[in-house]
file run_1.cif (mmCIF, C-alpha atoms, pLDDT in the B column; chains and numbers go by the auth columns)
data_protein
loop_
_atom_site.group_PDB
_atom_site.id
_atom_site.type_symbol
_atom_site.label_atom_id
_atom_site.label_comp_id
_atom_site.label_asym_id
_atom_site.label_seq_id
_atom_site.Cartn_x
_atom_site.Cartn_y
_atom_site.Cartn_z
_atom_site.B_iso_or_equiv
_atom_site.auth_seq_id
_atom_site.auth_asym_id
ATOM 1 C CA MET A 1 0.000 0.000 0.000 46.00 10 X
ATOM 2 C CA LYS A 2 2.793 2.385 0.915 44.00 11 X
ATOM 3 C CA LYS A 3 4.638 1.540 -2.297 45.00 12 X
ATOM 4 C CA CYS A 4 1.475 2.188 -4.284 45.00 13 X
ATOM 5 C CA LEU A 5 0.916 5.493 -2.500 41.00 14 X
ATOM 6 C CA LEU A 6 4.537 6.495 -3.075 38.00 15 X
ATOM 7 C CA GLY A 7 4.203 5.606 -6.749 43.00 16 X
ATOM 8 C CA CYS A 8 1.092 7.760 -7.071 41.00 17 X
ATOM 9 C CA VAL A 9 2.859 10.670 -5.376 38.00 18 X
ATOM 10 C CA ILE A 10 5.832 10.363 -7.776 40.00 19 X
ATOM 11 C CA VAL A 11 3.552 10.208 -10.818 39.00 20 X
ATOM 12 C CA ALA A 12 1.549 13.201 -9.599 41.00 21 X
ATOM 13 C CA ALA A 13 4.728 15.144 -8.936 40.00 22 X
ATOM 14 C CA SER A 14 6.123 14.354 -12.374 44.00 23 X
ATOM 15 C CA LEU A 15 2.856 15.405 -14.019 42.00 24 X
ATOM 16 C CA PHE A 16 2.928 18.656 -12.058 38.00 25 X
ATOM 17 C CA ILE A 17 6.541 19.324 -13.084 41.00 26 X
ATOM 18 C CA ASN A 18 5.750 18.542 -16.720 50.00 27 X
ATOM 19 C CA SER A 19 2.712 20.831 -16.697 46.00 28 X
ATOM 20 C CA GLN A 20 4.779 23.602 -15.113 47.00 29 X
ATOM 21 C CA ALA A 21 7.516 23.149 -17.706 46.00 30 X
ATOM 22 C CA GLN A 22 4.987 23.232 -20.523 52.00 31 X
ATOM 23 C CA ALA A 23 3.403 26.363 -19.099 54.00 32 X
ATOM 24 C CA GLN A 24 6.802 28.089 -19.153 84.00 33 X
ATOM 25 C CA VAL A 25 7.601 27.224 -22.772 88.00 34 X
ATOM 26 C CA LYS A 26 7.387 30.226 -25.086 90.00 35 X
ATOM 27 C CA ILE A 27 8.219 29.795 -28.748 88.00 36 X
ATOM 28 C CA GLY A 28 9.125 32.510 -31.224 89.00 37 X
ATOM 29 C CA THR A 29 10.198 32.625 -34.861 88.00 38 X
ATOM 30 C CA PHE A 30 12.901 34.760 -36.426 91.00 39 X
ATOM 31 C CA ASP A 31 14.307 35.384 -39.896 90.00 40 X
ATOM 32 C CA GLU A 32 17.533 37.369 -40.077 92.00 41 X
ATOM 33 C CA GLN A 33 17.181 38.340 -43.733 91.00 42 X
ATOM 34 C CA SER A 34 13.721 39.849 -43.215 91.00 43 X
ATOM 35 C CA VAL A 35 15.067 42.300 -40.619 93.00 44 X
ATOM 36 C CA LEU A 36 18.254 43.090 -42.522 94.00 45 X
ATOM 37 C CA GLY A 37 16.157 44.014 -45.549 93.00 46 X
ATOM 38 C CA LEU A 38 14.502 46.754 -43.488 93.00 47 X
ATOM 39 C CA MET A 39 17.735 48.285 -42.157 93.00 48 X
ATOM 40 C CA PRO A 40 18.403 51.803 -43.474 93.00 49 X
ATOM 41 C CA GLY A 41 21.449 51.921 -45.714 92.00 50 X
ATOM 42 C CA ILE A 42 21.522 48.158 -46.306 93.00 51 X
ATOM 43 C CA GLN A 43 21.171 48.709 -50.074 92.00 52 X
ATOM 44 C CA LYS A 44 24.695 50.122 -50.262 95.00 53 X
ATOM 45 C CA VAL A 45 26.111 46.698 -49.372 96.00 54 X
ATOM 46 C CA ASP A 46 25.355 45.422 -52.889 95.00 55 X
ATOM 47 C CA THR A 47 27.030 48.491 -54.381 96.00 56 X
ATOM 48 C CA LEU A 48 30.121 48.005 -52.209 97.00 57 X
ATOM 49 C CA LEU A 49 30.281 44.319 -53.112 97.00 58 X
ATOM 50 C CA GLN A 50 30.181 45.115 -56.819 97.00 59 X
ATOM 51 C CA LYS A 51 32.908 47.721 -56.315 97.00 60 X
ATOM 52 C CA TYR A 52 34.989 45.128 -54.460 97.00 61 X
ATOM 53 C CA VAL A 53 34.637 42.702 -57.387 97.00 62 X
ATOM 54 C CA ASN A 54 35.593 45.348 -59.957 97.00 63 X
ATOM 55 C CA ASP A 55 38.386 47.056 -58.019 97.00 64 X
ATOM 56 C CA SER A 56 39.975 44.099 -56.215 97.00 65 X
ATOM 57 C CA LEU A 57 38.985 40.705 -57.584 97.00 66 X
ATOM 58 C CA LYS A 58 39.030 41.528 -61.297 97.00 67 X
ATOM 59 C CA PRO A 59 42.589 42.997 -61.150 97.00 68 X
ATOM 60 C CA GLU A 60 43.642 39.940 -59.151 97.00 69 X
ATOM 61 C CA TYR A 61 42.222 37.648 -61.851 97.00 70 X
ATOM 62 C CA ASP A 62 43.953 39.637 -64.593 97.00 71 X
ATOM 63 C CA TYR A 63 47.255 39.385 -62.701 96.00 72 X
ATOM 64 C CA GLU A 64 46.917 35.615 -62.227 96.00 73 X
ATOM 65 C CA MET A 65 46.132 35.156 -65.913 96.00 74 X
ATOM 66 C CA SER A 66 49.037 37.335 -67.111 96.00 75 X
ATOM 67 C CA GLU A 67 51.468 35.571 -64.767 95.00 76 X
ATOM 68 C CA LEU A 68 50.269 32.179 -65.949 95.00 77 X
ATOM 69 C CA MET A 69 50.757 33.108 -69.600 95.00 78 X
ATOM 70 C CA ARG A 70 54.153 34.741 -68.968 94.00 79 X
ATOM 71 C CA MET A 71 55.560 31.896 -66.892 93.00 80 X
ATOM 72 C CA ASP A 72 54.154 29.215 -69.183 92.00 81 X
ATOM 73 C CA SER A 73 55.689 30.914 -72.232 93.00 82 X
ATOM 74 C CA THR A 74 59.058 31.267 -70.496 91.00 83 X
ATOM 75 C CA PHE A 75 58.969 27.687 -69.278 88.00 84 X
ATOM 76 C CA LYS A 76 58.297 26.294 -72.757 89.00 85 X
ATOM 77 C CA LYS A 77 61.232 28.298 -74.147 88.00 86 X
ATOM 78 C CA ASP A 78 63.782 27.712 -71.366 85.00 87 X
ATOM 79 C CA SER A 79 62.770 24.447 -69.684 81.00 88 X
ATOM 80 C CA ALA A 80 65.267 22.403 -71.715 82.00 89 X
ATOM 81 C CA THR A 81 68.215 24.365 -70.272 86.00 90 X
ATOM 82 C CA MET A 82 66.897 24.650 -66.700 84.00 91 X
ATOM 83 C CA GLN A 83 68.364 22.717 -63.809 88.00 92 X
ATOM 84 C CA PRO A 84 65.991 19.946 -62.614 87.00 93 X
ATOM 85 C CA GLY A 85 65.412 21.709 -59.280 89.00 94 X
ATOM 86 C CA THR A 86 64.637 25.052 -60.936 88.00 95 X
ATOM 87 C CA ARG A 87 62.378 23.348 -63.479 87.00 96 X
ATOM 88 C CA GLY A 88 60.370 21.739 -60.685 91.00 97 X
ATOM 89 C CA ILE A 89 59.943 25.057 -58.805 91.00 98 X
ATOM 90 C CA VAL A 90 58.786 26.900 -61.928 91.00 99 X
ATOM 91 C CA GLN A 91 56.404 24.091 -62.862 92.00 100 X
ATOM 92 C CA LYS A 92 54.918 24.210 -59.360 94.00 101 X
ATOM 93 C CA GLU A 93 54.328 27.977 -59.602 94.00 102 X
ATOM 94 C CA ILE A 94 52.698 27.558 -63.009 94.00 103 X
ATOM 95 C CA ASN A 95 50.382 24.889 -61.626 95.00 104 X
ATOM 96 C CA GLN A 96 49.418 27.159 -58.719 95.00 105 X
ATOM 97 C CA HIS A 97 48.399 29.961 -61.080 95.00 106 X
ATOM 98 C CA LYS A 98 46.588 27.502 -63.317 95.00 107 X
ATOM 99 C CA TYR A 99 44.689 25.971 -60.384 96.00 108 X
ATOM 100 C CA LYS A 100 43.546 29.412 -59.216 96.00 109 X
ATOM 101 C CA ILE A 101 42.338 30.358 -62.705 96.00 110 X
ATOM 102 C CA VAL A 102 40.481 27.068 -63.217 97.00 111 X
ATOM 103 C CA ASN A 103 38.785 27.404 -59.802 97.00 112 X
ATOM 104 C CA TRP A 104 38.368 31.159 -59.958 97.00 113 X
ATOM 105 C CA GLN A 105 34.571 31.207 -59.625 97.00 114 X
ATOM 106 C CA GLN A 106 34.698 29.255 -56.380 97.00 115 X
ATOM 107 C CA TYR A 107 37.499 31.469 -55.072 97.00 116 X
ATOM 108 C CA GLN A 108 35.610 34.638 -56.020 97.00 117 X
ATOM 109 C CA ASN A 109 32.432 33.407 -54.332 97.00 118 X
ATOM 110 C CA GLN A 110 34.353 32.746 -51.120 97.00 119 X
ATOM 111 C CA GLN A 111 35.990 36.177 -51.200 98.00 120 X
ATOM 112 C CA VAL A 112 32.673 37.920 -51.892 98.00 121 X
ATOM 113 C CA GLN A 113 31.016 36.012 -49.037 97.00 122 X
ATOM 114 C CA GLN A 114 33.763 37.081 -46.637 97.00 123 X
ATOM 115 C CA LYS A 115 33.434 40.686 -47.790 97.00 124 X
ATOM 116 C CA GLU A 116 29.649 40.552 -47.420 97.00 125 X
ATOM 117 C CA ASP A 117 29.973 39.201 -43.867 96.00 126 X
ATOM 118 C CA GLU A 118 32.345 42.059 -43.087 97.00 127 X
ATOM 119 C CA LEU A 119 29.970 44.690 -44.497 97.00 128 X
ATOM 120 C CA LEU A 120 26.894 43.195 -42.803 96.00 129 X
ATOM 121 C CA PHE A 121 28.552 42.808 -39.394 96.00 130 X
ATOM 122 C CA PRO A 122 27.500 46.208 -37.940 95.00 131 X
ATOM 123 C CA TYR A 123 23.907 45.636 -39.116 96.00 132 X
ATOM 124 C CA LYS A 124 23.778 42.102 -37.690 95.00 133 X
ATOM 125 C CA GLN A 125 25.282 43.357 -34.437 96.00 134 X
ATOM 126 C CA LYS A 126 22.325 45.716 -33.923 95.00 135 X
ATOM 127 C CA VAL A 127 19.773 43.085 -34.994 95.00 136 X
ATOM 128 C CA TYR A 128 21.026 40.377 -32.651 95.00 137 X
ATOM 129 C CA ALA A 129 21.487 42.759 -29.731 96.00 138 X
ATOM 130 C CA SER A 130 17.805 43.680 -30.111 95.00 139 X
ATOM 131 C CA LEU A 131 16.785 40.028 -30.529 94.00 140 X
ATOM 132 C CA GLU A 132 18.707 39.005 -27.415 94.00 141 X
ATOM 133 C CA LYS A 133 17.040 41.779 -25.422 95.00 142 X
ATOM 134 C CA ILE A 134 13.542 40.759 -26.564 94.00 143 X
ATOM 135 C CA ILE A 135 14.164 37.063 -25.849 93.00 144 X
ATOM 136 C CA LYS A 136 15.335 37.930 -22.337 93.00 145 X
ATOM 137 C CA GLU A 137 12.651 40.509 -21.512 93.00 146 X
ATOM 138 C CA GLN A 138 9.745 38.503 -22.932 92.00 147 X
ATOM 139 C CA LYS A 139 11.080 35.161 -21.663 92.00 148 X
ATOM 140 C CA TYR A 140 11.194 33.184 -24.908 92.00 149 X
ATOM 141 C CA THR A 141 12.516 29.668 -24.312 91.00 150 X
ATOM 142 C CA HIS A 142 12.717 28.522 -27.949 90.00 151 X
ATOM 143 C CA VAL A 143 13.349 30.548 -31.118 89.00 152 X
ATOM 144 C CA PHE A 144 13.101 28.889 -34.538 87.00 153 X
ATOM 145 C CA LYS A 145 14.071 30.153 -37.940 82.00 154 X
ATOM 146 C CA GLY A 146 10.969 31.270 -39.801 64.00 155 X
ATOM 147 C CA ASP A 147 11.266 28.586 -42.453 61.00 156 X
ATOM 148 C CA GLN A 148 11.525 25.754 -39.930 60.00 157 X
ATOM 149 C CA LEU A 149 8.282 26.271 -38.009 59.00 158 X
ATOM 150 C CA LEU A 150 5.132 25.778 -40.061 57.00 159 X
ATOM 151 C CA VAL A 151 2.588 27.419 -37.731 62.00 160 X
ATOM 152 C CA ALA A 152 3.126 30.271 -35.282 64.00 161 X
ATOM 153 C CA PRO A 153 0.983 33.240 -34.186 73.00 162 X
ATOM 154 C CA PRO A 154 2.069 36.597 -35.669 75.00 163 X
ATOM 155 C CA SER A 155 2.556 37.973 -32.152 77.00 164 X
ATOM 156 C CA ASP A 156 5.482 35.545 -31.703 82.00 165 X
ATOM 157 C CA ASN A 157 7.170 36.603 -34.931 84.00 166 X
ATOM 158 C CA LEU A 158 10.339 38.155 -33.513 89.00 167 X
ATOM 159 C CA VAL A 159 11.101 39.808 -36.859 89.00 168 X
ATOM 160 C CA ILE A 160 8.273 42.233 -36.095 88.00 169 X
ATOM 161 C CA LYS A 161 9.407 42.814 -32.515 90.00 170 X
ATOM 162 C CA VAL A 162 13.039 43.396 -33.475 92.00 171 X
ATOM 163 C CA ALA A 163 12.014 45.755 -36.289 91.00 172 X
ATOM 164 C CA LEU A 164 9.833 47.744 -33.900 90.00 173 X
ATOM 165 C CA ASP A 165 12.569 47.810 -31.264 92.00 174 X
ATOM 166 C CA LEU A 166 15.030 49.188 -33.826 92.00 175 X
ATOM 167 C CA LYS A 167 12.367 51.609 -35.128 90.00 176 X
ATOM 168 C CA LEU A 168 12.650 50.267 -38.684 92.00 177 X
ATOM 169 C CA LYS A 169 10.132 51.240 -41.337 90.00 178 X
ATOM 170 C CA PHE A 170 7.982 48.483 -42.839 87.00 179 X
ATOM 171 C CA PRO A 171 6.808 48.539 -46.467 88.00 180 X
ATOM 172 C CA LYS A 172 3.377 50.160 -46.657 89.00 181 X
ATOM 173 C CA ASP A 173 1.477 46.948 -47.480 85.00 182 X
ATOM 174 C CA VAL A 174 3.180 45.071 -44.641 84.00 183 X
ATOM 175 C CA GLU A 175 2.487 47.920 -42.234 85.00 184 X
ATOM 176 C CA GLU A 176 -1.206 47.869 -43.159 85.00 185 X
ATOM 177 C CA GLN A 177 -1.378 44.124 -42.520 83.00 186 X
ATOM 178 C CA LEU A 178 0.328 44.502 -39.150 82.00 187 X
ATOM 179 C CA ARG A 179 -2.026 47.301 -38.147 84.00 188 X
ATOM 180 C CA ALA A 180 -5.017 45.174 -39.193 82.00 189 X
ATOM 181 C CA GLN A 181 -3.710 42.429 -36.892 78.00 190 X
ATOM 182 C CA GLY A 182 -3.201 44.916 -34.069 79.00 191 X
ATOM 183 C CA LEU A 183 0.547 44.227 -33.892 77.00 192 X
ATOM 184 C CA LEU A 184 1.757 47.790 -34.385 76.00 193 X
ATOM 185 C CA ASP A 185 -0.578 49.206 -31.750 62.00 194 X
ATOM 186 C CA SER A 186 1.302 47.296 -29.080 45.00 195 X
ATOM 187 C CA SER A 187 4.449 49.315 -29.756 44.00 196 X
ATOM 188 C CA PRO A 188 4.807 52.787 -28.169 44.00 197 X
ATOM 189 C CA THR A 189 6.573 53.963 -31.340 43.00 198 X
ATOM 190 C CA ASN A 190 3.490 53.166 -33.387 44.00 199 X
ATOM 191 C CA THR A 191 0.812 54.416 -31.031 38.00 200 X
ATOM 192 C CA SER A 192 -0.264 57.903 -31.922 36.00 201 X
ATOM 193 C CA ALA A 193 -1.547 58.570 -28.435 37.00 202 X
ATOM 194 C CA SER A 194 1.898 57.979 -26.973 36.00 203 X
ATOM 195 C CA GLN A 195 3.447 60.511 -29.324 37.00 204 X
ATOM 196 C CA LYS A 196 1.150 63.348 -28.304 41.00 205 X
ATOM 197 C CA PRO A 197 2.141 65.332 -25.218 42.00 206 X
ATOM 198 C CA ALA A 198 -0.368 65.285 -22.408 43.00 207 X
ATOM 199 C CA THR A 199 -2.452 68.467 -22.316 44.00 208 X
ATOM 200 C CA LYS A 200 -2.939 70.265 -19.031 46.00 209 X
ATOM 201 C CA PRO A 201 -6.517 70.993 -17.944 45.00 210 X
ATOM 202 C CA ALA A 202 -7.561 74.583 -18.445 46.00 211 X
ATOM 203 C CA ALA A 203 -7.220 76.731 -15.315 48.00 212 X
ATOM 204 C CA LYS A 204 -10.465 77.710 -13.655 46.00 213 X
ATOM 205 C CA PRO A 205 -11.238 81.434 -13.672 44.00 214 X
ATOM 206 C CA LYS A 206 -10.865 83.144 -10.332 47.00 215 X
ATOM 207 C CA GLN A 207 -14.104 84.021 -8.584 41.00 216 X
#
call {"tool": "encode", "arguments": {"input": "run_1.cif", "output": "structure tokens"}}
result
Amino acid sequence: MKKCLLGCVIVAASLFINSQAQAQVKIGTFDEQSVLGLMPGIQKVDTLLQKYVNDSLKPEYDYEMSELMRMDSTFKKDSATMQPGTRGIVQKEINQHKYKIVNWQQYQNQQVQQKEDELLFPYKQKVYASLEKIIKEQKYTHVFKGDQLLVAPPSDNLVIKVALDLKLKFPKDVEEQLRAQGLLDSSPTNTSASQKPATKPAAKPKQ
């Protein structure tokens, strides 16, 4: 009997703990690209990337190509009179230039990605500082990427909350949808009443 009672107590306790844990779970969704697209000045990143390709990567490609052609031409002319050790060193350098040219697209993509990460860093720093603050203040326990959670209420879309926290401007059609759902009204920055200074009551005339 005691064992049965103890078992019931343990089961009841575990159910209570599970229900408490479930009650504390709060799930949100977040998509980095959606917020970055709203950041002021973000459009210049594409311009800077194109400039980087034209001013840095293209000259580098032209140099690699010219060096490959020069060294290959010299090697074909002088290889017969070269010492074996020298011939091996020159052949190795030629192969290095050739490998870089053949795999240039992959190399360029890697360099552009690194440059993009560098240019986006200050924007991402602001976004994730805001996201971290919201998660902490509003006690979110789980945050999923937007494309990995099929169903979630709009109020738990942390893209909206981060954008509001950073005072970013939504496209007009998106803003209208958010207002229709009542999501912008919850933010002091979007509540017209909060932007108007309180008016003092008119003074009563002296008797």
call {"tool": "atom_distance", "arguments": {"input": "run_1.cif", "atom1": "CA of Lys85 in chain X", "atom2": "CA of Ile110 in chain X"}}
result
19.3 Å
call {"tool": "atom_distance", "arguments": {"input": "run_1.cif", "atom1": "CA of Leu77 in chain X", "atom2": "CA of Ile103 in chain X"}}
result
6.0 Å
call {"tool": "resolve_selection", "arguments": {"input": "run_1.cif", "expression": "the PyMOL selection byres ((chain X and resi 35) around 7)", "output": "NGL selection string"}}
result
:X and (33-34 or 36-37 or 149-151)
call {"tool": "atom_distance", "arguments": {"input": "run_1.cif", "atom1": "CA of Ala89 in chain X", "atom2": "CA of Tyr70 in chain X"}}
result
29.3 Å
call {"tool": "residues_around", "arguments": {"input": "run_1.cif", "residues": "range 167-178 of chain X", "least_positions_apart": "5", "cutoff": "10 Å", "atoms": "only C-alpha atoms", "output": "PyMOL selection string"}}
result
chain X and resi 36-49+135-144+149+152-155+183-184+187+192-193+195-199
call {"tool": "closest_residue", "arguments": {"input": "run_1.cif", "among": "X:Ser65, X:Thr95, X:Gln105, X:Gln147", "to": "Lys124 in chain X", "atoms": "all atoms listed in the file"}}
result
X:Ser65
call {"tool": "residues_around", "arguments": {"input": "run_1.cif", "residues": "range 55-61 of chain X", "least_positions_apart": "3", "cutoff": "12 Å", "atoms": "all atoms listed in the file", "output": "NGL selection string"}}
result
:X and (46 or 50-52 or 64-69 or 117-118 or 120-129)
call {"tool": "write_last_selection", "arguments": {"input": "run_1.cif", "atoms": "C-alpha atoms", "output": "PDB file, keeping the file's coordinate frame"}}
result
ATOM      1  CA  GLY X  46      16.157  44.014 -45.549  1.00 93.00           C
ATOM      2  CA  GLY X  50      21.449  51.921 -45.714  1.00 92.00           C
ATOM      3  CA  ILE X  51      21.522  48.158 -46.306  1.00 93.00           C
ATOM      4  CA  GLN X  52      21.171  48.709 -50.074  1.00 92.00           C
ATOM      5  CA  ASP X  64      38.386  47.056 -58.019  1.00 97.00           C
ATOM      6  CA  SER X  65      39.975  44.099 -56.215  1.00 97.00           C
ATOM      7  CA  LEU X  66      38.985  40.705 -57.584  1.00 97.00           C
ATOM      8  CA  LYS X  67      39.030  41.528 -61.297  1.00 97.00           C
ATOM      9  CA  PRO X  68      42.589  42.997 -61.150  1.00 97.00           C
ATOM     10  CA  GLU X  69      43.642  39.940 -59.151  1.00 97.00           C
ATOM     11  CA  GLN X 117      35.610  34.638 -56.020  1.00 97.00           C
ATOM     12  CA  ASN X 118      32.432  33.407 -54.332  1.00 97.00           C
ATOM     13  CA  GLN X 120      35.990  36.177 -51.200  1.00 98.00           C
ATOM     14  CA  VAL X 121      32.673  37.920 -51.892  1.00 98.00           C
ATOM     15  CA  GLN X 122      31.016  36.012 -49.037  1.00 97.00           C
ATOM     16  CA  GLN X 123      33.763  37.081 -46.637  1.00 97.00           C
ATOM     17  CA  LYS X 124      33.434  40.686 -47.790  1.00 97.00           C
ATOM     18  CA  GLU X 125      29.649  40.552 -47.420  1.00 97.00           C
ATOM     19  CA  ASP X 126      29.973  39.201 -43.867  1.00 96.00           C
ATOM     20  CA  GLU X 127      32.345  42.059 -43.087  1.00 97.00           C
ATOM     21  CA  LEU X 128      29.970  44.690 -44.497  1.00 97.00           C
ATOM     22  CA  LEU X 129      26.894  43.195 -42.803  1.00 96.00           C
TER      23      LEU X 129
END
call {"tool": "closest_residue", "arguments": {"input": "run_1.cif", "among": "X:Lys133, X:Val62, X:Lys101, X:Thr83", "to": "Tyr116 in chain X", "atoms": "only C-alpha atoms"}}
result
X:Val62
